[in-house]
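Everything below belongs to upload35.cif, which stores mmCIF, C-alpha atoms.
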```cif
data_coords
#
loop_
_atom_site.label_atom_id
_atom_site.label_comp_id
_atom_site.auth_asym_id
_atom_site.auth_seq_id
_atom_site.Cartn_x
_atom_site.Cartn_y
_atom_site.Cartn_z
CA MET A 268 58.99 105.58 102.45
CA PRO A 269 59.23 106.35 98.69
CA GLY A 270 58.60 110.09 99.28
CA ARG A 271 61.65 110.36 101.52
CA LYS A 272 63.77 108.46 98.98
CA VAL A 273 63.14 110.95 96.21
CA LEU A 274 63.64 113.98 98.44
CA PRO A 275 67.38 114.36 97.54
CA LEU A 276 66.45 114.23 93.85
CA ILE A 277 63.81 116.92 94.29
CA LEU A 278 66.33 119.07 96.18
CA LEU A 279 68.85 118.58 93.37
CA VAL A 280 66.34 119.63 90.71
CA LEU A 281 65.33 122.68 92.78
CA LEU A 282 68.96 123.68 93.40
CA ALA A 283 69.93 123.32 89.73
CA SER A 284 66.79 125.17 88.62
CA ALA A 285 67.47 128.01 91.06
CA LEU A 286 71.09 128.35 89.88
CA MET A 287 70.12 128.29 86.21
CA THR A 288 67.24 130.74 86.69
CA TYR A 289 69.59 133.14 88.47
CA GLN A 290 72.12 132.93 85.62
CA ALA A 291 69.41 133.16 82.95
CA ARG A 292 68.29 136.46 84.50
CA GLY A 293 71.77 137.89 84.07
CA GLY A 294 73.22 136.98 87.46
CA THR A 295 76.85 135.91 87.69
CA LEU A 296 77.75 133.13 90.08
CA PRO A 297 80.96 133.36 92.07
CA ASN A 298 83.16 130.50 90.97
CA PRO A 299 84.72 128.87 94.05
CA ALA A 300 86.28 126.23 91.79
CA ARG A 301 88.39 128.83 89.91
CA PRO A 302 91.74 127.65 91.39
CA VAL A 303 90.73 124.06 90.61
CA ASN A 304 89.80 125.10 87.05
CA THR A 305 93.18 126.76 86.61
CA LEU A 306 94.88 123.57 87.78
CA PHE A 307 92.91 121.50 85.27
CA TYR A 308 93.69 123.94 82.43
CA GLU A 309 97.40 123.89 83.33
CA ALA A 310 97.33 120.10 83.49
CA SER A 311 95.59 119.95 80.10
CA LEU A 312 98.24 122.18 78.58
CA GLY A 313 101.03 120.11 80.15
CA LEU A 314 99.49 116.83 79.09
CA GLY A 315 98.96 117.95 75.50
CA ASP A 316 101.84 115.82 74.19
CA PHE A 317 100.67 112.81 76.16
CA PHE A 318 97.14 113.04 74.80
CA SER A 319 98.53 113.50 71.27
CA ALA A 320 100.47 110.27 71.73
CA VAL A 321 97.33 108.49 72.99
CA ARG A 322 95.37 109.78 70.00
CA GLY A 323 98.13 108.60 67.68
CA PHE A 324 98.08 105.15 69.26
CA PHE A 325 94.33 104.72 68.83
CA GLY A 326 94.51 106.11 65.31
CA ARG A 327 96.90 103.31 64.35
CA PHE A 328 94.99 100.62 66.19
CA GLY A 329 92.95 99.39 63.28
CA ALA A 330 95.90 98.97 60.90
CA ASP A 331 97.76 95.78 60.12
CA LYS A 332 99.56 94.99 63.37
CA GLU A 333 102.23 92.74 61.86
CA ARG A 334 103.17 95.32 59.28
CA ILE A 335 103.28 98.04 61.91
CA ARG A 336 105.60 95.98 64.12
CA GLU A 337 107.94 95.32 61.19
CA LEU A 338 107.96 98.97 60.18
CA GLU A 339 108.38 100.14 63.73
CA ARG A 340 111.50 97.99 64.18
CA GLU A 341 113.05 99.44 61.04
CA VAL A 342 112.21 103.10 61.34
CA ASN A 343 111.48 103.68 65.00
CA LEU A 344 114.36 106.01 65.68
CA LEU A 345 114.14 107.79 62.35
CA ARG A 346 110.44 108.35 62.68
CA LYS A 347 110.81 109.70 66.18
CA ASN A 348 113.30 112.27 64.92
CA TYR A 349 111.25 112.97 61.83
CA ASP A 350 108.07 113.44 63.90
CA GLN A 351 109.87 115.86 66.17
CA VAL A 352 111.20 117.86 63.24
CA LEU A 353 107.82 117.79 61.50
CA GLU A 354 106.03 118.87 64.66
CA MET A 355 108.50 121.72 65.16
CA GLN A 356 108.18 122.70 61.51
CA LYS A 357 104.39 122.75 61.71
CA GLU A 358 104.48 124.68 64.96
CA ASN A 359 106.92 127.14 63.39
CA GLU A 360 104.63 127.60 60.41
CA ARG A 361 101.63 128.23 62.65
CA LEU A 362 103.53 130.61 64.90
CA LYS A 363 105.00 132.40 61.89
CA ALA A 364 101.50 132.88 60.49
CA LEU A 365 100.34 134.23 63.85
CA LEU A 366 103.38 136.50 64.02
CA GLU A 367 102.64 137.84 60.56
CA MET A 368 99.10 138.47 61.72
CA LYS A 369 100.42 140.32 64.76
CA ASP A 370 102.69 142.50 62.60
CA SER A 371 100.15 143.19 59.89
CA ASN A 372 96.98 143.50 61.95
CA PRO A 373 96.62 146.66 64.06
CA ARG A 374 93.69 145.06 65.89
CA PHE A 375 95.89 142.27 67.28
CA VAL A 376 95.49 141.79 71.05
CA ALA A 377 97.08 138.46 71.94
CA ALA A 378 98.14 135.07 70.62
CA ALA A 379 96.80 132.05 72.48
CA ASN A 380 97.01 128.27 72.65
CA VAL A 381 93.85 126.20 72.71
CA VAL A 382 93.91 124.64 76.16
CA THR A 383 90.78 122.53 75.96
CA ARG A 384 87.79 122.09 73.73
CA GLY A 385 84.54 122.50 75.64
CA THR A 386 82.48 120.42 73.29
CA LYS A 387 80.31 118.70 75.89
CA ARG A 388 77.27 117.80 73.86
CA TRP A 389 75.21 120.77 72.97
CA ALA A 390 77.79 123.53 72.61
CA ASN A 391 81.04 124.12 70.70
CA THR A 392 83.46 126.21 72.72
CA PHE A 393 87.14 126.17 73.59
CA THR A 394 89.36 127.59 76.30
CA LEU A 395 92.35 129.76 75.37
CA ASP A 396 95.36 130.46 77.57
CA ALA A 397 95.06 134.24 77.21
CA GLY A 398 92.77 136.22 79.48
CA ALA A 399 92.24 139.63 81.03
CA SER A 400 95.94 139.82 81.98
CA LYS A 401 96.79 139.97 78.25
CA GLY A 402 94.10 142.52 77.49
CA VAL A 403 91.46 140.08 76.29
CA GLU A 404 87.87 141.25 76.67
CA LYS A 405 84.43 139.77 76.10
CA ASP A 406 83.19 139.88 72.47
CA MET A 407 86.71 140.10 71.04
CA ILE A 408 87.26 138.02 67.93
CA VAL A 409 89.22 134.79 67.62
CA VAL A 410 90.94 134.29 64.28
CA ALA A 411 93.34 131.79 62.78
CA PRO A 412 95.57 132.48 59.77
CA SER A 413 92.94 130.80 57.57
CA GLY A 414 90.02 132.91 58.84
CA LEU A 415 87.40 133.54 61.49
CA ALA A 416 87.30 130.96 64.30
CA GLY A 417 84.92 132.39 66.93
CA LYS A 418 84.41 135.06 69.54
CA ILE A 419 85.26 135.44 73.23
CA ILE A 420 82.29 134.83 75.53
CA GLN A 421 83.96 134.73 78.95
CA VAL A 422 87.21 136.13 80.31
CA GLU A 423 89.15 135.10 83.42
CA GLY A 424 92.54 136.36 84.61
CA SER A 425 94.71 134.12 82.48
CA TYR A 426 92.12 132.19 80.47
CA SER A 427 89.20 132.95 78.23
CA LYS A 428 86.40 130.94 76.64
CA ALA A 429 85.47 131.28 73.00
CA LEU A 430 82.32 130.35 71.12
CA LEU A 431 83.26 128.57 67.88
CA ILE A 432 82.02 129.55 64.44
CA ASN A 433 80.11 126.26 64.08
CA ASP A 434 78.20 126.61 67.37
CA ILE A 435 74.47 127.11 66.80
CA ARG A 436 74.58 130.29 68.92
CA PHE A 437 77.18 131.86 66.65
CA SER A 438 76.13 134.37 63.97
CA VAL A 439 78.11 136.78 61.84
CA ALA A 440 77.00 139.23 59.15
CA VAL A 441 78.70 138.22 55.90
CA ARG A 442 78.97 139.29 52.29
CA VAL A 443 79.40 137.01 49.26
CA GLN A 444 82.73 138.07 47.80
CA GLU A 445 81.72 137.47 44.16
CA THR A 446 78.25 139.08 44.18
CA ARG A 447 78.48 141.43 47.23
CA THR A 448 75.13 140.08 48.52
CA GLU A 449 74.74 140.30 52.29
CA ALA A 450 73.48 137.55 54.58
CA ILE A 451 73.84 136.05 58.06
CA LEU A 452 76.14 133.07 58.61
CA SER A 453 75.18 130.82 61.53
CA GLY A 454 76.61 127.68 63.09
CA THR A 455 74.61 124.46 63.02
CA GLY A 456 76.24 122.53 65.85
CA THR A 457 77.92 120.27 63.26
CA ARG A 458 81.08 120.85 61.22
CA LEU A 459 79.14 123.00 58.73
CA CYS A 460 77.53 126.43 58.92
CA ARG A 461 74.41 127.74 57.22
CA LEU A 462 73.63 130.98 55.43
CA LYS A 463 70.41 132.45 56.79
CA TYR A 464 67.89 134.63 55.00
CA PHE A 465 69.43 134.34 51.55
CA PRO A 466 66.68 135.33 49.08
CA HIS A 467 65.79 133.25 46.01
CA GLU A 468 66.39 136.07 43.57
CA GLU A 469 70.03 136.51 44.61
CA LYS A 470 72.75 134.49 42.88
CA ILE A 471 75.03 132.21 44.85
CA ALA A 472 77.05 129.21 43.73
CA LYS A 473 79.24 126.48 45.12
CA MET A 474 82.77 127.70 45.99
CA ASN A 475 81.64 131.31 46.51
CA VAL A 476 83.65 132.87 49.35
CA LEU A 477 82.01 134.58 52.34
CA LEU A 478 83.67 137.50 54.13
CA SER A 479 82.45 139.30 57.23
CA SER A 480 80.63 142.49 56.26
CA GLY A 481 81.11 144.39 59.53
CA LEU A 482 77.43 145.29 59.60
CA ASP A 483 76.70 143.40 62.84
CA GLY A 484 78.84 145.78 64.88
CA ILE A 485 80.83 142.89 66.37
CA PHE A 486 83.12 141.55 63.65
CA PRO A 487 85.34 143.78 61.50
CA GLU A 488 84.87 143.81 57.74
CA GLY A 489 86.80 141.43 55.50
CA LEU A 490 87.44 138.39 57.73
CA ARG A 491 87.36 135.17 55.74
CA ALA A 492 84.45 133.14 57.15
CA GLY A 493 83.77 130.20 54.83
CA VAL A 494 83.12 128.80 51.40
CA VAL A 495 79.76 127.70 49.97
CA SER A 496 79.58 123.91 49.67
CA ARG A 497 75.94 123.34 48.69
CA VAL A 498 73.03 125.45 47.45
CA SER A 499 69.47 124.16 47.45
CA LYS A 500 66.68 126.17 45.84
CA GLU A 501 63.66 124.50 47.37
CA GLU A 502 60.31 126.18 47.85
CA GLY A 503 60.09 128.85 50.49
CA LEU A 504 61.24 132.40 50.99
CA PHE A 505 64.97 131.72 51.19
CA GLN A 506 67.60 129.47 49.62
CA GLU A 507 69.28 126.75 51.68
CA VAL A 508 73.01 127.45 51.60
CA GLU A 509 75.54 125.21 53.33
CA VAL A 510 78.95 126.65 54.16
CA VAL A 511 82.26 125.05 55.18
CA PRO A 512 84.16 127.39 57.55
CA PHE A 513 87.76 128.12 56.53
CA VAL A 514 88.92 127.28 60.03
CA ASP A 515 88.73 123.63 60.99
CA THR A 516 87.97 124.13 64.68
CA ASP A 517 88.77 120.48 65.47
CA LYS A 518 92.39 121.01 64.41
CA LEU A 519 92.98 124.50 65.72
CA GLU A 520 95.89 124.63 68.18
CA GLU A 521 96.82 128.32 68.24
CA ALA A 522 94.75 131.39 67.52
CA ALA A 523 95.00 135.16 67.61
CA ILE A 524 92.58 137.39 69.46
CA ILE A 525 91.75 140.70 67.82
CA ARG A 526 89.53 143.62 68.71
CA ARG A 527 86.87 145.01 66.41
CA MET B 100 84.71 108.48 103.90
CA THR B 101 88.25 107.67 105.11
CA LYS B 102 91.38 109.08 103.53
CA ARG B 103 92.29 106.06 101.39
CA PRO B 104 89.00 105.65 99.49
CA LEU B 105 88.93 109.43 99.00
CA LEU B 106 92.40 109.37 97.43
CA LEU B 107 91.35 106.38 95.32
CA LEU B 108 88.27 108.28 94.18
CA LEU B 109 90.35 111.35 93.29
CA SER B 110 92.80 109.18 91.38
CA PHE B 111 89.89 108.15 89.13
CA THR B 112 88.13 111.50 89.03
CA VAL B 113 91.01 113.77 88.00
CA PRO B 114 92.14 111.66 85.00
CA ALA B 115 88.48 111.18 83.98
CA VAL B 116 87.89 114.95 83.87
CA LEU B 117 91.18 115.51 82.02
CA ILE B 118 90.24 112.83 79.48
CA ASP B 119 86.77 114.38 79.03
CA MET B 120 88.48 117.72 78.38
CA ASN B 121 91.11 116.50 75.94
CA VAL B 122 90.44 113.14 74.33
CA SER B 123 88.10 112.24 71.51
CA PHE B 124 87.55 108.98 69.60
CA LEU B 125 86.57 109.33 65.95
CA GLY B 126 85.77 112.97 66.65
CA PHE B 127 83.49 112.15 69.61
CA ARG B 128 84.31 113.35 73.12
CA THR B 129 84.07 110.97 76.07
CA ASP B 130 81.69 111.38 79.01
CA LEU B 131 83.55 109.63 81.81
CA ALA B 132 82.00 111.95 84.41
CA SER B 133 78.62 110.28 83.88
CA ILE B 134 80.01 106.76 84.12
CA LEU B 135 81.95 107.68 87.28
CA ALA B 136 78.79 109.07 88.86
CA TYR B 137 76.96 105.91 87.77
CA TRP B 138 79.63 103.72 89.38
CA PHE B 139 79.55 105.76 92.58
CA GLY B 140 75.76 105.59 92.77
CA LEU B 141 75.87 101.86 92.09
CA THR B 142 78.29 101.18 94.91
CA HIS B 143 77.00 103.67 97.47
CA SER B 144 73.66 105.13 98.47
CA GLY B 145 71.52 107.24 96.15
CA ALA B 146 72.23 110.41 98.11
CA ALA B 147 76.00 109.80 98.02
CA GLY B 148 75.89 109.04 94.29
CA MET B 149 73.89 112.19 93.70
CA ALA B 150 76.22 114.37 95.78
CA PHE B 151 79.30 113.00 94.00
CA GLY B 152 77.64 113.33 90.59
CA ALA B 153 76.47 116.88 91.30
CA ALA B 154 79.97 117.93 92.41
CA LEU B 155 81.56 116.34 89.33
CA GLY B 156 78.91 117.77 87.01
CA SER B 157 79.28 121.29 88.35
CA LEU B 158 83.08 121.03 88.03
CA GLU B 159 82.69 120.06 84.36
CA ASP B 160 80.14 122.85 83.91
CA SER B 161 82.62 125.42 85.17
CA LEU B 162 85.48 123.92 83.15
CA LEU B 163 83.72 123.39 79.84
CA SER B 164 81.04 126.04 79.66
CA SER B 165 80.11 129.25 81.40
CA PHE B 166 76.68 128.11 82.57
CA ILE B 167 76.58 126.23 85.89
CA GLY B 168 73.67 123.85 86.39
CA PRO B 169 73.03 121.49 83.44
CA GLY B 170 75.94 119.20 84.33
CA LEU B 171 75.18 119.44 88.03
CA LEU B 172 71.63 118.29 87.36
CA SER B 173 72.33 115.60 84.75
CA VAL B 174 75.36 113.93 86.39
CA GLY B 175 73.76 114.27 89.83
CA MET B 176 70.63 112.52 88.54
CA ILE B 177 72.72 109.74 87.01
CA GLY B 178 74.46 109.19 90.38
CA TYR B 179 71.12 109.05 92.15
CA MET B 180 69.30 106.86 89.64
CA ALA B 181 72.14 104.32 89.35
CA SER B 182 71.54 103.50 93.00
CA PHE B 183 67.78 103.35 92.42
CA PHE B 184 68.20 100.79 89.62
CA SER B 185 70.68 98.60 91.45
CA HIS B 186 69.13 98.57 94.92
CA THR B 187 65.53 97.84 94.04
CA PHE B 188 63.77 95.18 92.02
CA PHE B 189 66.33 94.34 89.31
CA ARG B 190 68.53 91.27 89.30
CA TRP B 191 71.93 92.50 88.14
CA THR B 192 73.50 91.11 84.96
CA PRO B 193 76.17 92.62 82.69
CA LEU B 194 73.52 93.17 80.01
CA LEU B 195 71.34 95.05 82.46
CA GLY B 196 74.41 97.06 83.52
CA PHE B 197 75.01 97.99 79.88
CA LEU B 198 71.40 99.00 79.33
CA VAL B 199 71.04 100.97 82.55
CA ALA B 200 74.31 102.90 82.07
CA ALA B 201 73.55 103.62 78.41
CA LEU B 202 69.99 104.73 79.22
CA LEU B 203 71.12 106.87 82.15
CA THR B 204 73.82 108.56 80.05
CA PHE B 205 71.23 109.24 77.36
CA PHE B 206 68.72 110.44 79.94
CA GLY B 207 71.37 112.69 81.53
CA GLY B 208 72.17 114.17 78.13
CA MET B 209 68.49 114.86 77.48
CA ALA B 210 68.16 116.49 80.93
CA GLU B 211 71.16 118.66 80.08
CA PHE B 212 69.62 119.63 76.75
CA ALA B 213 66.26 120.38 78.40
CA SER B 214 67.97 122.55 81.06
CA LEU B 215 69.85 124.52 78.42
CA SER B 216 66.75 124.92 76.28
CA ILE B 217 64.67 126.18 79.20
CA PHE B 218 67.14 128.27 81.18
CA ASP B 219 69.82 129.35 78.72
CA ASP B 220 68.21 131.90 76.44
CA LEU B 221 70.38 130.80 73.54
CA GLU B 222 69.37 128.17 71.02
CA HIS B 223 71.07 124.76 71.21
CA ALA B 224 71.48 122.19 68.44
CA PHE B 225 69.65 118.99 69.29
CA LEU B 226 70.51 117.15 66.08
CA GLY B 227 74.13 118.31 66.28
CA GLY B 228 74.55 116.80 69.73
CA LEU B 229 72.54 113.61 69.21
CA PRO B 230 75.25 111.46 67.53
CA LEU B 231 77.68 112.42 70.31
CA LEU B 232 75.11 111.51 72.96
CA LEU B 233 74.46 108.12 71.33
CA PHE B 234 78.20 107.43 71.14
CA GLN B 235 78.67 108.38 74.79
CA SER B 236 75.72 106.21 75.83
CA ILE B 237 77.10 103.15 74.05
CA MET B 238 80.61 103.77 75.35
CA ASN B 239 79.43 104.21 78.95
CA GLY B 240 77.18 101.15 78.60
CA THR B 241 80.18 99.10 77.49
CA LEU B 242 82.27 100.30 80.44
CA ALA B 243 79.38 99.57 82.81
CA VAL B 244 79.50 95.85 81.95
CA PHE B 245 82.48 95.65 84.33
CA PHE B 246 80.69 97.24 87.30
CA ARG B 247 78.71 95.13 89.74
CA PRO B 248 76.83 96.59 92.69
CA GLY B 249 77.05 93.46 94.88
CA GLU B 250 80.82 93.05 94.67
CA ALA B 251 81.53 96.67 95.28
CA ARG B 252 79.27 96.80 98.34
CA ALA B 253 80.94 93.70 99.74
CA ALA B 254 84.34 95.33 99.20
#
```
This structure in structure tokens:
Amino acid sequence: MPGRKVLPLILLVLLASALMTYQARGGTLPNPARPVNTLFYEASLGLGDFFSAVRGFFGRFGADKERIRELEREVNLLRKNYDQVLEMQKENERLKALLEMKDSNPRFVAAANVVTRGTKRWANTFTLDAGASKGVEKDMIVVAPSGLAGKIIQVEGSYSKALLINDIRFSVAVRVQETRTEAILSGTGTRLCRLKYFPHEEKIAKMNVLLSSGLDGIFPEGLRAGVVSRVSKEEGLFQEVEVVPFVDTDKLEEAAIIRR
Amino acid sequence: MTKRPLLLLLSFTVPAVLIDMNVSFLGFRTDLASILAYWFGLTHSGAAGMAFGAALGSLEDSLLSSFIGPGLLSVGMIGYMASFFSHTFFRWTPLLGFLVAALLTFFGGMAEFASLSIFDDLEHAFLGGLPLLLFQSIMNGTLAVFFRPGEARAA
């Protein structure tokens, strides 16, 4: 009977709808998979080098194979050593920058590695390996040496989840450094962000720098948010302003968490 | 399910979830959870495919976002509908496998978007996610060429 066949599907839709309605109304679900999640996060952290190697392999795949083989025979050992030194040097630079941030920033709470990027399809988030045990709290701010990266949206014992600056749900009150005009910077779900509610009469130009204004009550004043990449003065109440965030969230490996 | 197929299933599932969490091609993340649910639905009953897909989807929900439900629904539906497509009136060919898996991945993504739009009070970017969804659909369709319902059932 066709009705009986679709019964499991109807039950699935009802179950999912009930769970989502409960969460949408502010309810928090107990997470029985928490130990499993921790295992997956630990595995992700441990397998970081392996996945980097896989990425490297696929990155080289399209190149001239013969030439690669020849070069690999000649410089295999040297490159291995060089890669290791380079990787250590880059890591040192990043950690040094974070350390400087820790020393110079009284708001510093914790440094964290990016464990996994939660970019499923419709959201841009990542998981950090610092949680409540390191003093991290919801709505704290995630920064990299180059600028604002996101904010904490969920905290577990030893992990936390952050919403990235380019997620469409992300907004920060900003000020144009050159003209002091205030506006709202929002993510678009792509690599770029957009300046909202920027009136026609105000001046803004390509390469203008945007800093957080502190007026939203969440982000402290003066964090470097992004740089204007395109301005379009079409008809309407506001100008269309495209912004490239200073932090490339696709390449972020370590970050600092600060309080307001 | 006996111990051996369960271990075999886990040996596929765990790496698939880890790859979904960590690996991207040309900046696009993979969606191996959907193709695993599709394969399971194709080779088992609709209810089994749905249960496996729902479990996998909710695991990915809890790992990759803080909102449980969209993955549970979309991957569960893919597991269920894979069985529906393979066990009814279609004669299976690799091309049909490609089309069905690609369509189901796309459909699952749309169901996920609809769930988030309705139940999550925050705005979500449709256009931002669309290229990723198309990439995942084509990738899963390509993988699905190698899956055949008849062979798997005989095995």
Which residues of chain B are close to chain A, meaning at most 9 Å apart when you count all atoms listed in the file, and how do they look as a PyMOL selection string?
chain B and resi 113+116-126+128-130+145-146+149-150+153+158-159+161-169+171-172+175-176+179-180+208+211-212+214-215+218-229+231-232
Output file for the selection above: C-alpha atoms, as a PDB file, in the frame of the given file:
```pdb
ATOM      1  CA  VAL B 113      91.010 113.770  88.000  1.00  0.00           C
ATOM      2  CA  VAL B 116      87.890 114.950  83.870  1.00  0.00           C
ATOM      3  CA  LEU B 117      91.180 115.510  82.020  1.00  0.00           C
ATOM      4  CA  ILE B 118      90.240 112.830  79.480  1.00  0.00           C
ATOM      5  CA  ASP B 119      86.770 114.380  79.030  1.00  0.00           C
ATOM      6  CA  MET B 120      88.480 117.720  78.380  1.00  0.00           C
ATOM      7  CA  ASN B 121      91.110 116.500  75.940  1.00  0.00           C
ATOM      8  CA  VAL B 122      90.440 113.140  74.330  1.00  0.00           C
ATOM      9  CA  SER B 123      88.100 112.240  71.510  1.00  0.00           C
ATOM     10  CA  PHE B 124      87.550 108.980  69.600  1.00  0.00           C
ATOM     11  CA  LEU B 125      86.570 109.330  65.950  1.00  0.00           C
ATOM     12  CA  GLY B 126      85.770 112.970  66.650  1.00  0.00           C
ATOM     13  CA  ARG B 128      84.310 113.350  73.120  1.00  0.00           C
ATOM     14  CA  THR B 129      84.070 110.970  76.070  1.00  0.00           C
ATOM     15  CA  ASP B 130      81.690 111.380  79.010  1.00  0.00           C
ATOM     16  CA  GLY B 145      71.520 107.240  96.150  1.00  0.00           C
ATOM     17  CA  ALA B 146      72.230 110.410  98.110  1.00  0.00           C
ATOM     18  CA  MET B 149      73.890 112.190  93.700  1.00  0.00           C
ATOM     19  CA  ALA B 150      76.220 114.370  95.780  1.00  0.00           C
ATOM     20  CA  ALA B 153      76.470 116.880  91.300  1.00  0.00           C
ATOM     21  CA  LEU B 158      83.080 121.030  88.030  1.00  0.00           C
ATOM     22  CA  GLU B 159      82.690 120.060  84.360  1.00  0.00           C
ATOM     23  CA  SER B 161      82.620 125.420  85.170  1.00  0.00           C
ATOM     24  CA  LEU B 162      85.480 123.920  83.150  1.00  0.00           C
ATOM     25  CA  LEU B 163      83.720 123.390  79.840  1.00  0.00           C
ATOM     26  CA  SER B 164      81.040 126.040  79.660  1.00  0.00           C
ATOM     27  CA  SER B 165      80.110 129.250  81.400  1.00  0.00           C
ATOM     28  CA  PHE B 166      76.680 128.110  82.570  1.00  0.00           C
ATOM     29  CA  ILE B 167      76.580 126.230  85.890  1.00  0.00           C
ATOM     30  CA  GLY B 168      73.670 123.850  86.390  1.00  0.00           C
ATOM     31  CA  PRO B 169      73.030 121.490  83.440  1.00  0.00           C
ATOM     32  CA  LEU B 171      75.180 119.440  88.030  1.00  0.00           C
ATOM     33  CA  LEU B 172      71.630 118.290  87.360  1.00  0.00           C
ATOM     34  CA  GLY B 175      73.760 114.270  89.830  1.00  0.00           C
ATOM     35  CA  MET B 176      70.630 112.520  88.540  1.00  0.00           C
ATOM     36  CA  TYR B 179      71.120 109.050  92.150  1.00  0.00           C
ATOM     37  CA  MET B 180      69.300 106.860  89.640  1.00  0.00           C
ATOM     38  CA  GLY B 208      72.170 114.170  78.130  1.00  0.00           C
ATOM     39  CA  GLU B 211      71.160 118.660  80.080  1.00  0.00           C
ATOM     40  CA  PHE B 212      69.620 119.630  76.750  1.00  0.00           C
ATOM     41  CA  SER B 214      67.970 122.550  81.060  1.00  0.00           C
ATOM     42  CA  LEU B 215      69.850 124.520  78.420  1.00  0.00           C
ATOM     43  CA  PHE B 218      67.140 128.270  81.180  1.00  0.00           C
ATOM     44  CA  ASP B 219      69.820 129.350  78.720  1.00  0.00           C
ATOM     45  CA  ASP B 220      68.210 131.900  76.440  1.00  0.00           C
ATOM     46  CA  LEU B 221      70.380 130.800  73.540  1.00  0.00           C
ATOM     47  CA  GLU B 222      69.370 128.170  71.020  1.00  0.00           C
ATOM     48  CA  HIS B 223      71.070 124.760  71.210  1.00  0.00           C
ATOM     49  CA  ALA B 224      71.480 122.190  68.440  1.00  0.00           C
ATOM     50  CA  PHE B 225      69.650 118.990  69.290  1.00  0.00           C
ATOM     51  CA  LEU B 226      70.510 117.150  66.080  1.00  0.00           C
ATOM     52  CA  GLY B 227      74.130 118.310  66.280  1.00  0.00           C
ATOM     53  CA  GLY B 228      74.550 116.800  69.730  1.00  0.00           C
ATOM     54  CA  LEU B 229      72.540 113.610  69.210  1.00  0.00           C
ATOM     55  CA  LEU B 231      77.680 112.420  70.310  1.00  0.00           C
ATOM     56  CA  LEU B 232      75.110 111.510  72.960  1.00  0.00           C
TER      57      LEU B 232
END
```
Students should find that atom CA of Ser157 of chain B and atom CA of Gly170 of chain B are spaced 5.6 Å
Worksheet entry | Selected residue, from A:Ile471, A:Ala440, A:Val510, A:Ala450, that lies nearest to Gly484 of chain A when counting all atoms listed in the file |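 Smallest distance to Gly484 of chain A is found for A:Ala440.
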Residue members of the PyMOL selection byres ((chain B and resi 236-240) around 7) in the file shown, as a PyMOL selection string: chain B and resi 134+196-198+200-202+204-205+232-235+241-244
Write the residues you've just listed into a file as a PDB file, in the coordinates of the input, and include C-alpha atoms for each of them.
```pdb
ATOM      1  CA  ILE B 134      80.010 106.760  84.120  1.00  0.00           C
ATOM      2  CA  GLY B 196      74.410  97.060  83.520  1.00  0.00           C
ATOM      3  CA  PHE B 197      75.010  97.990  79.880  1.00  0.00           C
ATOM      4  CA  LEU B 198      71.400  99.000  79.330  1.00  0.00           C
ATOM      5  CA  ALA B 200      74.310 102.900  82.070  1.00  0.00           C
ATOM      6  CA  ALA B 201      73.550 103.620  78.410  1.00  0.00           C
ATOM      7  CA  LEU B 202      69.990 104.730  79.220  1.00  0.00           C
ATOM      8  CA  THR B 204      73.820 108.560  80.050  1.00  0.00           C
ATOM      9  CA  PHE B 205      71.230 109.240  77.360  1.00  0.00           C
ATOM     10  CA  LEU B 232      75.110 111.510  72.960  1.00  0.00           C
ATOM     11  CA  LEU B 233      74.460 108.120  71.330  1.00  0.00           C
ATOM     12  CA  PHE B 234      78.200 107.430  71.140  1.00  0.00           C
ATOM     13  CA  GLN B 235      78.670 108.380  74.790  1.00  0.00           C
ATOM     14  CA  THR B 241      80.180  99.100  77.490  1.00  0.00           C
ATOM     15  CA  LEU B 242      82.270 100.300  80.440  1.00  0.00           C
ATOM     16  CA  ALA B 243      79.380  99.570  82.810  1.00  0.00           C
ATOM     17  CA  VAL B 244      79.500  95.850  81.950  1.00  0.00           C
TER      18      VAL B 244
END
```
Please put the answer as JSON: centre and edge lengths, in Å with one decimal, of a box along x, y and z that encloses all listed atoms of segment 107-111 of chain B plus 8 Å on each side.
```
{"center_x": 90.5, "center_y": 108.9, "center_z": 92.2, "size_x": 20.5, "size_y": 21.0, "size_z": 22.2}
```
Could you check how far atom CA of Gly481 of chain A sits from atom CA of Pro373 of chain A, in Å to one decimal?
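Result for atom CA of Gly481 of chain A versus atom CA of Pro373 of chain A: 16.3 Å, one decimal.
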With C-alpha atoms as the atom set, please write segment 191-205 of chain B from the structure just given, as a compact mmCIF listing (two decimals), in the first residue's frame.
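The file below, result-v1.txt, is the result:
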```txt
# COMPACT_ATOMS: atom_id res chain seq x y z
CA TRP B 191 18.85 1.08 -13.66
CA THR B 192 21.66 2.47 -15.83
CA PRO B 193 24.79 4.42 -14.82
CA LEU B 194 23.30 7.55 -16.40
CA LEU B 195 20.15 7.15 -14.35
CA GLY B 196 22.32 6.60 -11.26
CA PHE B 197 24.13 9.87 -12.00
CA LEU B 198 20.90 11.78 -12.50
CA VAL B 199 19.12 10.36 -9.46
CA ALA B 200 22.07 10.93 -7.10
CA ALA B 201 22.66 14.45 -8.42
CA LEU B 202 18.96 15.32 -8.19
CA LEU B 203 18.63 13.83 -4.71
CA THR B 204 21.71 15.73 -3.47
CA PHE B 205 20.26 18.93 -4.92
```
